[in-house]
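S.K.: PDB, N, CA and C atoms, file work_29.pdb:
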MODEL        1
ATOM      1  N   MET Q1436     113.255 106.804 125.974
ATOM      2  CA  MET Q1436     114.078 106.092 125.031
ATOM      3  C   MET Q1436     113.212 105.245 124.080
ATOM      4  N   TRP Q1437     112.182 104.601 124.622
ATOM      5  CA  TRP Q1437     111.318 103.746 123.816
ATOM      6  C   TRP Q1437     110.651 104.556 122.700
ATOM      7  N   GLU Q1438     110.088 105.703 123.054
ATOM      8  CA  GLU Q1438     109.431 106.537 122.049
ATOM      9  C   GLU Q1438     110.435 107.027 121.010
ATOM     10  N   ASN Q1439     111.605 107.447 121.444
ATOM     11  CA  ASN Q1439     112.631 107.918 120.508
ATOM     12  C   ASN Q1439     113.047 106.820 119.542
ATOM     13  N   TYR Q1440     113.208 105.605 120.040
ATOM     14  CA  TYR Q1440     113.567 104.472 119.191
ATOM     15  C   TYR Q1440     112.512 104.258 118.111
ATOM     16  N   LEU Q1441     111.243 104.257 118.509
ATOM     17  CA  LEU Q1441     110.166 104.011 117.557
ATOM     18  C   LEU Q1441     110.037 105.137 116.544
ATOM     19  N   ILE Q1442     110.120 106.361 117.001
ATOM     20  CA  ILE Q1442     109.969 107.494 116.093
ATOM     21  C   ILE Q1442     111.121 107.554 115.092
ATOM     22  N   SER Q1443     112.341 107.381 115.559
ATOM     23  CA  SER Q1443     113.472 107.426 114.624
ATOM     24  C   SER Q1443     113.417 106.257 113.639
ATOM     25  N   GLY Q1444     113.021 105.087 114.104
ATOM     26  CA  GLY Q1444     112.870 103.943 113.210
ATOM     27  C   GLY Q1444     111.776 104.160 112.180
ATOM     28  N   ARG Q1445     110.683 104.758 112.604
ATOM     29  CA  ARG Q1445     109.564 105.012 111.689
ATOM     30  C   ARG Q1445     109.938 106.051 110.639
ATOM     31  N   ILE Q1446     110.597 107.128 111.052
ATOM     32  CA  ILE Q1446     111.023 108.159 110.102
ATOM     33  C   ILE Q1446     111.995 107.561 109.083
ATOM     34  N   LYS Q1447     112.884 106.729 109.551
ATOM     35  CA  LYS Q1447     113.838 106.051 108.654
ATOM     36  C   LYS Q1447     113.089 105.187 107.641
ATOM     37  N   PHE Q1448     112.094 104.414 108.096
ATOM     38  CA  PHE Q1448     111.314 103.568 107.204
ATOM     39  C   PHE Q1448     110.566 104.405 106.167
ATOM     40  N   LEU Q1449     109.905 105.483 106.611
ATOM     41  CA  LEU Q1449     109.143 106.336 105.693
ATOM     42  C   LEU Q1449     110.056 106.947 104.637
ATOM     43  N   SER Q1450     111.221 107.408 105.050
ATOM     44  CA  SER Q1450     112.169 108.019 104.129
ATOM     45  C   SER Q1450     112.725 106.998 103.138
ATOM     46  N   THR Q1451     113.161 105.865 103.636
ATOM     47  CA  THR Q1451     113.738 104.822 102.788
ATOM     48  C   THR Q1451     112.753 104.332 101.742
ATOM     49  N   ASN Q1452     111.482 104.224 102.130
ATOM     50  CA  ASN Q1452     110.454 103.707 101.231
ATOM     51  C   ASN Q1452     109.695 104.803 100.488
ATOM     52  N   LYS Q1453     110.160 106.043 100.636
ATOM     53  CA  LYS Q1453     109.573 107.199  99.945
ATOM     54  C   LYS Q1453     108.059 107.310 100.173
ATOM     55  N   VAL Q1454     107.650 107.090 101.412
ATOM     56  CA  VAL Q1454     106.250 107.234 101.794
ATOM     57  C   VAL Q1454     106.003 108.709 102.087
ATOM     58  N   ASN Q1455     105.079 109.298 101.350
ATOM     59  CA  ASN Q1455     104.789 110.712 101.511
ATOM     60  C   ASN Q1455     103.671 110.901 102.527
ATOM     61  N   CYS Q1456     104.018 111.406 103.693
ATOM     62  CA  CYS Q1456     103.010 111.692 104.712
ATOM     63  C   CYS Q1456     103.556 112.775 105.638
ATOM     64  N   ARG Q1457     102.645 113.359 106.370
ATOM     65  CA  ARG Q1457     103.033 114.307 107.412
ATOM     66  C   ARG Q1457     102.912 113.583 108.736
ATOM     67  N   TYR Q1458     103.733 113.974 109.695
ATOM     68  CA  TYR Q1458     103.633 113.338 111.006
ATOM     69  C   TYR Q1458     103.665 114.381 112.105
ATOM     70  N   TYR Q1459     102.935 114.041 113.175
ATOM     71  CA  TYR Q1459     102.706 114.958 114.282
ATOM     72  C   TYR Q1459     102.643 114.188 115.603
ATOM     73  N   PHE Q1460     102.597 114.937 116.686
ATOM     74  CA  PHE Q1460     102.102 114.429 117.956
ATOM     75  C   PHE Q1460     100.974 115.362 118.344
ATOM     76  N   TRP Q1461     100.143 114.964 119.284
ATOM     77  CA  TRP Q1461      98.953 115.735 119.635
ATOM     78  C   TRP Q1461      98.812 115.780 121.144
ATOM     79  N   ARG Q1462      98.552 116.978 121.675
ATOM     80  CA  ARG Q1462      98.358 117.129 123.117
ATOM     81  C   ARG Q1462      97.402 118.296 123.358
ATOM     82  N   THR Q1463      96.520 118.114 124.352
ATOM     83  CA  THR Q1463      95.592 119.184 124.726
ATOM     84  C   THR Q1463      96.064 119.838 126.018
ATOM     85  N   TYR Q1464      95.425 120.925 126.368
ATOM     86  CA  TYR Q1464      95.727 121.589 127.643
ATOM     87  C   TYR Q1464      95.332 120.712 128.835
ATOM     88  N   GLN Q1465      94.448 119.735 128.606
ATOM     89  CA  GLN Q1465      94.028 118.808 129.660
ATOM     90  C   GLN Q1465      94.964 117.594 129.745
ATOM     91  N   GLN Q1466      96.083 117.648 129.043
ATOM     92  CA  GLN Q1466      97.115 116.604 129.051
ATOM     93  C   GLN Q1466      96.712 115.313 128.342
ATOM     94  N   GLN Q1467      95.699 115.373 127.485
ATOM     95  CA  GLN Q1467      95.409 114.229 126.625
ATOM     96  C   GLN Q1467      96.469 114.254 125.523
ATOM     97  N   GLU Q1468      96.939 113.073 125.134
ATOM     98  CA  GLU Q1468      97.976 113.070 124.106
ATOM     99  C   GLU Q1468      97.934 111.817 123.249
ATOM    100  N   ILE Q1469      98.531 111.964 122.083
ATOM    101  CA  ILE Q1469      98.779 110.846 121.188
ATOM    102  C   ILE Q1469     100.240 110.974 120.781
ATOM    103  N   ASP Q1470     100.983 109.873 120.886
ATOM    104  CA  ASP Q1470     102.428 109.909 120.695
ATOM    105  C   ASP Q1470     102.858 110.139 119.248
ATOM    106  N   TRP Q1471     102.157 109.559 118.293
ATOM    107  CA  TRP Q1471     102.584 109.655 116.896
ATOM    108  C   TRP Q1471     101.358 109.610 115.988
ATOM    109  N   ILE Q1472     101.274 110.560 115.082
ATOM    110  CA  ILE Q1472     100.165 110.623 114.132
ATOM    111  C   ILE Q1472     100.759 110.783 112.738
ATOM    112  N   GLU Q1473     100.242 110.022 111.815
ATOM    113  CA  GLU Q1473     100.618 110.178 110.412
ATOM    114  C   GLU Q1473      99.378 110.582 109.638
ATOM    115  N   GLU Q1474      99.550 111.527 108.729
ATOM    116  CA  GLU Q1474      98.453 111.968 107.865
ATOM    117  C   GLU Q1474      98.806 111.617 106.423
ATOM    118  N   LYS Q1475      97.965 110.795 105.818
ATOM    119  CA  LYS Q1475      98.145 110.394 104.427
ATOM    120  C   LYS Q1475      96.818 110.571 103.699
ATOM    121  N   ASP Q1476      96.822 111.343 102.659
ATOM    122  CA  ASP Q1476      95.623 111.557 101.840
ATOM    123  C   ASP Q1476      94.419 112.004 102.672
ATOM    124  N   GLY Q1477      94.647 112.861 103.647
ATOM    125  CA  GLY Q1477      93.557 113.387 104.469
ATOM    126  C   GLY Q1477      93.070 112.458 105.563
ATOM    127  N   LEU Q1478      93.662 111.272 105.686
ATOM    128  CA  LEU Q1478      93.294 110.324 106.733
ATOM    129  C   LEU Q1478      94.395 110.280 107.783
ATOM    130  N   PHE Q1479      94.001 110.006 109.014
ATOM    131  CA  PHE Q1479      94.948 110.000 110.120
ATOM    132  C   PHE Q1479      95.125 108.599 110.697
ATOM    133  N   TYR Q1480      96.361 108.288 111.038
ATOM    134  CA  TYR Q1480      96.745 107.021 111.659
ATOM    135  C   TYR Q1480      97.400 107.397 112.986
ATOM    136  N   ALA Q1481      96.806 106.960 114.081
ATOM    137  CA  ALA Q1481      97.253 107.375 115.409
ATOM    138  C   ALA Q1481      97.884 106.203 116.164
ATOM    139  N   PHE Q1482      99.008 106.477 116.828
ATOM    140  CA  PHE Q1482      99.764 105.439 117.515
ATOM    141  C   PHE Q1482     100.141 105.890 118.922
ATOM    142  N   GLU Q1483      99.980 104.996 119.861
ATOM    143  CA  GLU Q1483     100.429 105.198 121.242
ATOM    144  C   GLU Q1483     101.539 104.203 121.501
ATOM    145  N   PHE Q1484     102.588 104.639 122.165
ATOM    146  CA  PHE Q1484     103.734 103.786 122.462
ATOM    147  C   PHE Q1484     103.723 103.404 123.933
ATOM    148  N   LYS Q1485     103.713 102.114 124.216
ATOM    149  CA  LYS Q1485     103.717 101.607 125.593
ATOM    150  C   LYS Q1485     104.778 100.528 125.743
ATOM    151  N   TRP Q1486     105.683 100.745 126.654
ATOM    152  CA  TRP Q1486     106.715  99.740 126.938
ATOM    153  C   TRP Q1486     106.097  98.528 127.616
ATOM    154  N   ASN Q1487     105.167  98.771 128.532
ATOM    155  CA  ASN Q1487     104.523  97.712 129.300
ATOM    156  C   ASN Q1487     103.285  97.217 128.544
ATOM    157  N   PRO Q1488     103.292  95.989 128.049
ATOM    158  CA  PRO Q1488     102.146  95.466 127.288
ATOM    159  C   PRO Q1488     100.847  95.416 128.093
ATOM    160  N   LYS Q1489     100.936  95.425 129.410
ATOM    161  CA  LYS Q1489      99.723  95.378 130.237
ATOM    162  C   LYS Q1489      98.948  96.692 130.172
ATOM    163  N   LYS Q1490      99.567  97.743 129.654
ATOM    164  CA  LYS Q1490      98.907  99.042 129.560
ATOM    165  C   LYS Q1490      98.348  99.302 128.166
ATOM    166  N   THR Q1491      98.086  98.255 127.417
ATOM    167  CA  THR Q1491      97.611  98.434 126.041
ATOM    168  C   THR Q1491      96.132  98.762 125.952
ATOM    169  N   THR Q1492      95.436  98.832 127.053
ATOM    170  CA  THR Q1492      94.006  99.128 127.012
ATOM    171  C   THR Q1492      93.748 100.627 126.942
ATOM    172  N   LYS Q1493      94.784 101.413 126.795
ATOM    173  CA  LYS Q1493      94.627 102.863 126.732
ATOM    174  C   LYS Q1493      93.694 103.237 125.587
ATOM    175  N   LYS Q1494      92.732 104.071 125.891
ATOM    176  CA  LYS Q1494      91.800 104.528 124.871
ATOM    177  C   LYS Q1494      92.339 105.815 124.256
ATOM    178  N   PHE Q1495      92.077 105.995 123.000
ATOM    179  CA  PHE Q1495      92.461 107.222 122.331
ATOM    180  C   PHE Q1495      91.445 108.301 122.699
ATOM    181  N   PRO Q1496      91.892 109.515 122.966
ATOM    182  CA  PRO Q1496      90.984 110.571 123.424
ATOM    183  C   PRO Q1496      89.835 110.813 122.448
ATOM    184  N   LYS Q1497      88.649 110.864 122.990
ATOM    185  CA  LYS Q1497      87.460 111.091 122.175
ATOM    186  C   LYS Q1497      87.534 112.449 121.475
ATOM    187  N   THR Q1498      88.153 113.413 122.118
ATOM    188  CA  THR Q1498      88.340 114.732 121.512
ATOM    189  C   THR Q1498      89.054 114.601 120.171
ATOM    190  N   PHE Q1499      90.026 113.720 120.112
ATOM    191  CA  PHE Q1499      90.770 113.506 118.869
ATOM    192  C   PHE Q1499      89.962 112.679 117.876
ATOM    193  N   THR Q1500      89.420 111.557 118.318
ATOM    194  CA  THR Q1500      88.762 110.632 117.396
ATOM    195  C   THR Q1500      87.480 111.197 116.787
ATOM    196  N   THR Q1501      86.839 112.138 117.449
ATOM    197  CA  THR Q1501      85.622 112.721 116.887
ATOM    198  C   THR Q1501      85.906 113.905 115.967
ATOM    199  N   ASN Q1502      87.098 114.469 116.028
ATOM    200  CA  ASN Q1502      87.407 115.654 115.230
ATOM    201  C   ASN Q1502      88.269 115.393 113.998
ATOM    202  N   TYR Q1503      88.767 114.178 113.851
ATOM    203  CA  TYR Q1503      89.634 113.851 112.716
ATOM    204  C   TYR Q1503      89.179 112.542 112.083
ATOM    205  N   LYS Q1504      89.478 112.400 110.793
ATOM    206  CA  LYS Q1504      89.143 111.162 110.068
ATOM    207  C   LYS Q1504      90.197 110.110 110.403
ATOM    208  N   ILE Q1505      89.899 109.281 111.380
ATOM    209  CA  ILE Q1505      90.847 108.279 111.851
ATOM    210  C   ILE Q1505      90.687 107.001 111.030
ATOM    211  N   GLU Q1506      91.737 106.639 110.347
ATOM    212  CA  GLU Q1506      91.730 105.410 109.559
ATOM    213  C   GLU Q1506      92.138 104.214 110.413
ATOM    214  N   LYS Q1507      93.115 104.435 111.325
ATOM    215  CA  LYS Q1507      93.612 103.328 112.140
ATOM    216  C   LYS Q1507      94.200 103.877 113.429
ATOM    217  N   THR Q1508      94.012 103.115 114.514
ATOM    218  CA  THR Q1508      94.708 103.397 115.771
ATOM    219  C   THR Q1508      95.448 102.125 116.166
ATOM    220  N   MET Q1509      96.558 102.316 116.873
ATOM    221  CA  MET Q1509      97.353 101.157 117.285
ATOM    222  C   MET Q1509      98.150 101.512 118.527
ATOM    223  N   VAL Q1510      98.163 100.614 119.494
ATOM    224  CA  VAL Q1510      99.044 100.739 120.646
ATOM    225  C   VAL Q1510     100.266  99.885 120.344
ATOM    226  N   VAL Q1511     101.434 100.530 120.310
ATOM    227  CA  VAL Q1511     102.674  99.851 119.928
ATOM    228  C   VAL Q1511     103.432  99.440 121.188
ATOM    229  N   THR Q1512     103.738  98.157 121.283
ATOM    230  CA  THR Q1512     104.468  97.589 122.418
ATOM    231  C   THR Q1512     105.696  96.839 121.886
ATOM    232  N   PRO Q1513     106.567  96.361 122.757
ATOM    233  CA  PRO Q1513     107.703  95.571 122.267
ATOM    234  C   PRO Q1513     107.276  94.348 121.450
ATOM    235  N   GLU Q1514     106.099  93.806 121.730
ATOM    236  CA  GLU Q1514     105.628  92.620 121.022
ATOM    237  C   GLU Q1514     105.212  92.909 119.585
ATOM    238  N   ASN Q1515     104.734  94.117 119.294
ATOM    239  CA  ASN Q1515     104.252  94.393 117.937
ATOM    240  C   ASN Q1515     104.987  95.561 117.270
ATOM    241  N   CYS Q1516     106.113  95.978 117.825
ATOM    242  CA  CYS Q1516     106.800  97.158 117.291
ATOM    243  C   CYS Q1516     107.308  96.935 115.868
ATOM    244  N   HIS Q1517     107.641  95.710 115.498
ATOM    245  CA  HIS Q1517     108.131  95.461 114.138
ATOM    246  C   HIS Q1517     107.020  95.713 113.101
ATOM    247  N   GLU Q1518     105.790  95.457 113.502
ATOM    248  CA  GLU Q1518     104.662  95.765 112.614
ATOM    249  C   GLU Q1518     104.586  97.278 112.386
ATOM    250  N   PHE Q1519     104.687  98.060 113.454
ATOM    251  CA  PHE Q1519     104.646  99.512 113.337
ATOM    252  C   PHE Q1519     105.807 100.047 112.493
ATOM    253  N   LEU Q1520     106.985  99.509 112.703
ATOM    254  CA  LEU Q1520     108.172 100.005 112.014
ATOM    255  C   LEU Q1520     108.184  99.658 110.529
ATOM    256  N   SER Q1521     107.285  98.774 110.091
ATOM    257  CA  SER Q1521     107.272  98.387 108.682
ATOM    258  C   SER Q1521     105.893  98.493 108.028
ATOM    259  N   LEU Q1522     104.983  99.266 108.603
ATOM    260  CA  LEU Q1522     103.646  99.443 108.027
ATOM    261  C   LEU Q1522     103.717 100.097 106.670
TER     262      LEU Q1522
ENDMDL
END
Here is the file; what I need is its structure written in the form of structure tokens.
M.R.:
Amino acid sequence: MWENYLISGRIKFLSTNKVNCRYYFWRTYQQQEIDWIEEKDGLFYAFEFKWNPKKTTKKFPKTFTTNYKIEKTMVVTPENCHEFLSL
């Protein structure tokens, strides 16, 4: 439910503000994943969604960060979700 709330809110924000970007999720056969990725002008913005703020130390998979031009990464929790929903 938490991920669905954030994704639907983000899509609504992007549409309302006419932000042109592509969005994806990413997963490998080894079960590495990133919950939400936005691509703007060839740069990638990667987001992980965590309900429990104590789990914010999650590292983004090196497989992803070394193969793509990462502009920003962010772990989204209930404490900072409004920032994500209005970036």
S.K.: Using only N, CA and C atoms, which of the listed residues (Q:Leu1478, Q:Val1511, Q:Met1436, Q:Ile1469) sits closest to Phe1495 of chain Q?
M.R.: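 Comparing Q:Leu1478, Q:Val1511, Q:Met1436, Q:Ile1469 against Phe1495 of chain Q, the winner is Q:Ile1469.
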S.K.: Q:Lys1494, Q:His1517, Q:Arg1457, Q:Lys1504: which is nearest Glu1474 of chain Q, counting only C-alpha atoms?
M.R.: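 Once distances to Glu1474 of chain Q are computed over only C-alpha atoms, the minimum belongs to Q:Arg1457.
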S.K.: For a quick check of understanding, using only C-alpha atoms, which of Q:Pro1496, Q:Gly1444, Q:Pro1513, Q:Gly1477 has the smallest distance to Trp1461 of chain Q?
M.R.: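 Going through Q:Pro1496, Q:Gly1444, Q:Pro1513, Q:Gly1477 one by one, the smallest distance to Trp1461 of chain Q is for Q:Pro1496.
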S.K.: Suppose you want the space between atom C of Glu1473 of chain Q and atom CA of Thr1498 of chain Q; what is it in Å?
M.R.: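 Here the two named atoms are 16.7 Å from each other.
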S.K.: Suppose a student applies the PyMOL selection byres ((chain Q and resi 1485) around 6.5) to this structure; what residues should they get, written as number ranges by chain?
M.R.: Q: 1483-1484, 1486-1488, 1490, 1510-1513
S.K.: Expand the PyMOL selection byres ((chain Q and resi 1481) around 6) into the explicit residue set it covers here, and present it as a VMD selection string.
M.R.: chain Q and resid 1471 to 1473 1479 to 1480 1482 to 1483 1507 to 1509
